[in-house]
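**Q** I have a structure here, written as structure tokens, and I will follow up with some questions on it.
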Amino acid sequence: MWDETLQNYSMARNMTARSAVDDTKTHRRLNAQELAEAQEKRTVVGKEILSSEILYMRTLGAIKSVFYVPLTNALSSNRGIVSTHNLQIIFSDILAIHEMSKNLVTDLKSRVSDWSSLQCIGDIFVKFTTKLKTYINFLNNYPTILVTIERCMEQVHTFRAFLKRHERTPETRMQSLAELFLAPTRR
């Protein structure tokens with residue numbers, strides 16, 4: 001059995017080495033025009049990634065400014081609409097994702113503003129892979145978040161009225177709180 005495993009490993013290793021050699025045969029040097037076109041495409045892609053992340057960050061920012069901040073301010077002034085516990089359940093993960101997004105936009109802006117033909121952005125995303133647990137936490141808690149929103153809407157008429165006033169406005173791009181919470185699931 002061990003001999004068969006060793007043979008399979010050896011064959012796979014040789015195939016990988018051969019394919020690496022074969023891959024070098026298919027690569028060729030770009031001429032000046034092709035190189036300029038490739039650099040132009042990289043510039044467009046870099047700017048598009050930044051633009052997309054800025055829109056995403058604004059969506060998350062709307063959740064914070066339109067919903068979280070007023071609800072927190074109401075609590076601070078002893079006119080709480082929902083409890084601190086419910087605010088924590090509903091907003092803690094999305095606020096952490098918003099912070100991540102702000103940091104990512106800062107790094108991307110810095111890189112894109114100093115763009116050259118040698119610039120890359122992959123390292124920025126590699127750096128952020130260590131923080132992807134935040135998304136996992138959000139996705140695991142998403143059903144609980146929705147249930148908490150629904151329960152608060154049923155039990156607290158002031159929360160229901162608050163949502164009615166703040167949802168589907170230009171700031172929220174005509175979306176409800178629950179719809180805005182879908183943004184991280186689309187990333």
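Every chain in the structure tokens takes a letter, A first, then B, and so on in the order presented; its residues are numbered from 1, and the ligands are numbered from 1 following the presented order.
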Please provide the set of residues having any atom within 10 Å of His166 of chain A, restricted to only C-alpha atoms, with same-chain residues fewer than 5 positions apart removed, written as a count of residues only.

**A** 9

**Q** Restrict the calculation to only C-alpha atoms, then for each residue of segment 92-150 of chain A with any atom at most 10 Å from an atom of segment 33-41 of chain A give the closest atom pair and their distance in Å to one decimal, rows by chain and rising residue number, as a tab-separated table.

**A**
```
residue	atom	partner	partner_atom	distance
A:Ser116	CA	A:Gln39	CA	8.5
A:Ser117	CA	A:Gln39	CA	5.8
A:Leu118	CA	A:Gln39	CA	8.6
A:Gln119	CA	A:Gln39	CA	9.6
```

**Q** With a distance cut-off of 8 Å and only C-alpha atoms, select the neighbouring residues of segment 74-82 of chain A, excluding the residue or stretch itself and same-chain residues fewer than 4 positions from it, and output the selection as a ChimeraX atom specification.

**A** /A:70,86-87,152,156,158-159

**Q** Okay, now the selection with N, CA and C atoms, as a PDB file, in the first residue's frame?

**A**
```pdb
ATOM      1  N   PRO A  70     -27.983  56.662  14.987  1.00  0.00           N
ATOM      2  CA  PRO A  70     -29.178  57.214  15.656  1.00  0.00           C
ATOM      3  C   PRO A  70     -29.719  56.306  16.767  1.00  0.00           C
ATOM      4  N   ASN A  86     -29.678  44.011  21.792  1.00  0.00           N
ATOM      5  CA  ASN A  86     -30.184  43.857  20.424  1.00  0.00           C
ATOM      6  C   ASN A  86     -29.341  44.642  19.417  1.00  0.00           C
ATOM      7  N   LEU A  87     -28.885  45.828  19.799  1.00  0.00           N
ATOM      8  CA  LEU A  87     -27.986  46.587  18.921  1.00  0.00           C
ATOM      9  C   LEU A  87     -26.707  45.800  18.645  1.00  0.00           C
ATOM     10  N   CYS A 152     -37.763  42.642  17.082  1.00  0.00           N
ATOM     11  CA  CYS A 152     -37.815  44.033  17.553  1.00  0.00           C
ATOM     12  C   CYS A 152     -38.924  44.804  16.840  1.00  0.00           C
ATOM     13  N   VAL A 156     -41.494  46.192  19.445  1.00  0.00           N
ATOM     14  CA  VAL A 156     -41.180  47.580  19.791  1.00  0.00           C
ATOM     15  C   VAL A 156     -41.692  48.489  18.675  1.00  0.00           C
ATOM     16  N   THR A 158     -41.745  51.625  18.442  1.00  0.00           N
ATOM     17  CA  THR A 158     -40.863  52.755  18.107  1.00  0.00           C
ATOM     18  C   THR A 158     -39.751  52.320  17.136  1.00  0.00           C
ATOM     19  N   PHE A 159     -39.324  51.074  17.257  1.00  0.00           N
ATOM     20  CA  PHE A 159     -38.314  50.559  16.317  1.00  0.00           C
ATOM     21  C   PHE A 159     -38.932  50.418  14.927  1.00  0.00           C
TER      22      PHE A 159
END
```

**Q** List the spatial neighbours of Ile136 of chain A as JSON, numbers by chain - criterion: any atom at most 12 Å away, only C-alpha atoms, same-chain residues fewer than 2 positions off excluded.

**A** {"A": [93, 94, 96, 97, 129, 130, 131, 132, 133, 134, 138, 139, 140, 141, 142, 184, 185]}

**Q** Can you list, as a PyMOL selection string, every residue of segment 65-160 of chain A that DSSP puts in alpha helix (DSSP H)?

**A** chain A and resi 69-76+84-113+122-128+133-155+157-160

**Q** Work out how far apart atom CA of Lys47 of chain A and atom CA of Val112 of chain A are and give it in Å to one decimal.

**A** 6.7 Å

**Q** Find the residues around Thr59 of chain A up to 8 Å (only C-alpha atoms counted), leave out those fewer than 4 positions away in its own chain, and share them as a PyMOL selection string.

**A** chain A and resi 55+63+172+180+183

**Q** Which residue, A:Asn73, A:Thr169, A:Gln88, A:Asn103, has the smallest gap to Thr148 of chain A when you use only C-alpha atoms?

**A**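 Under the stated criterion, the closest residue is A:Gln88.
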
**Q** Applying 7 Å and only C-alpha atoms, which residues near Leu50 of chain A remain after dropping the ones on its own chain fewer than 3 positions away? List them as JSON, numbers by chain.

**A** {"A": [46, 47, 53, 54, 105, 108, 109]}

**Q** If we count only C-alpha atoms and set the cut-off at 8 Å, which residues sit around Leu146 of chain A, ignoring sequence neighbours fewer than 4 positions away in its own chain? Please answer as a list of chain:residue names.

**A** A:Ile90, A:Tyr142, A:Glu150, A:Ala178

**Q** Write the residues of the selection above to a file with N, CA and C atoms, as an mmCIF file, in the first residue's frame.

**A**
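See again-v3.cif below for the written result:
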```cif
data_model
loop_
_atom_site.group_PDB
_atom_site.id
_atom_site.type_symbol
_atom_site.label_atom_id
_atom_site.label_comp_id
_atom_site.auth_asym_id
_atom_site.auth_seq_id
_atom_site.Cartn_x
_atom_site.Cartn_y
_atom_site.Cartn_z
ATOM 1 N N ILE A 90 -27.490 42.912 16.223
ATOM 2 C CA ILE A 90 -27.801 43.363 14.864
ATOM 3 C C ILE A 90 -26.582 43.966 14.163
ATOM 4 N N TYR A 142 -26.072 35.751 10.572
ATOM 5 C CA TYR A 142 -27.067 36.408 9.727
ATOM 6 C C TYR A 142 -28.508 35.994 10.058
ATOM 7 N N GLU A 150 -36.673 41.266 13.114
ATOM 8 C CA GLU A 150 -38.111 40.957 13.042
ATOM 9 C C GLU A 150 -38.764 41.020 14.417
ATOM 10 N N ALA A 178 -32.804 45.138 6.117
ATOM 11 C CA ALA A 178 -32.540 43.732 5.793
ATOM 12 C C ALA A 178 -31.883 43.604 4.412
#
```

**Q** Counting only C-alpha atoms, which residue out of A:Arg29, A:Arg160, A:His85, A:Arg111 sits closest to Thr72 of chain A?

**A**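 The answer is A:His85, which sits nearest to Thr72 of chain A.
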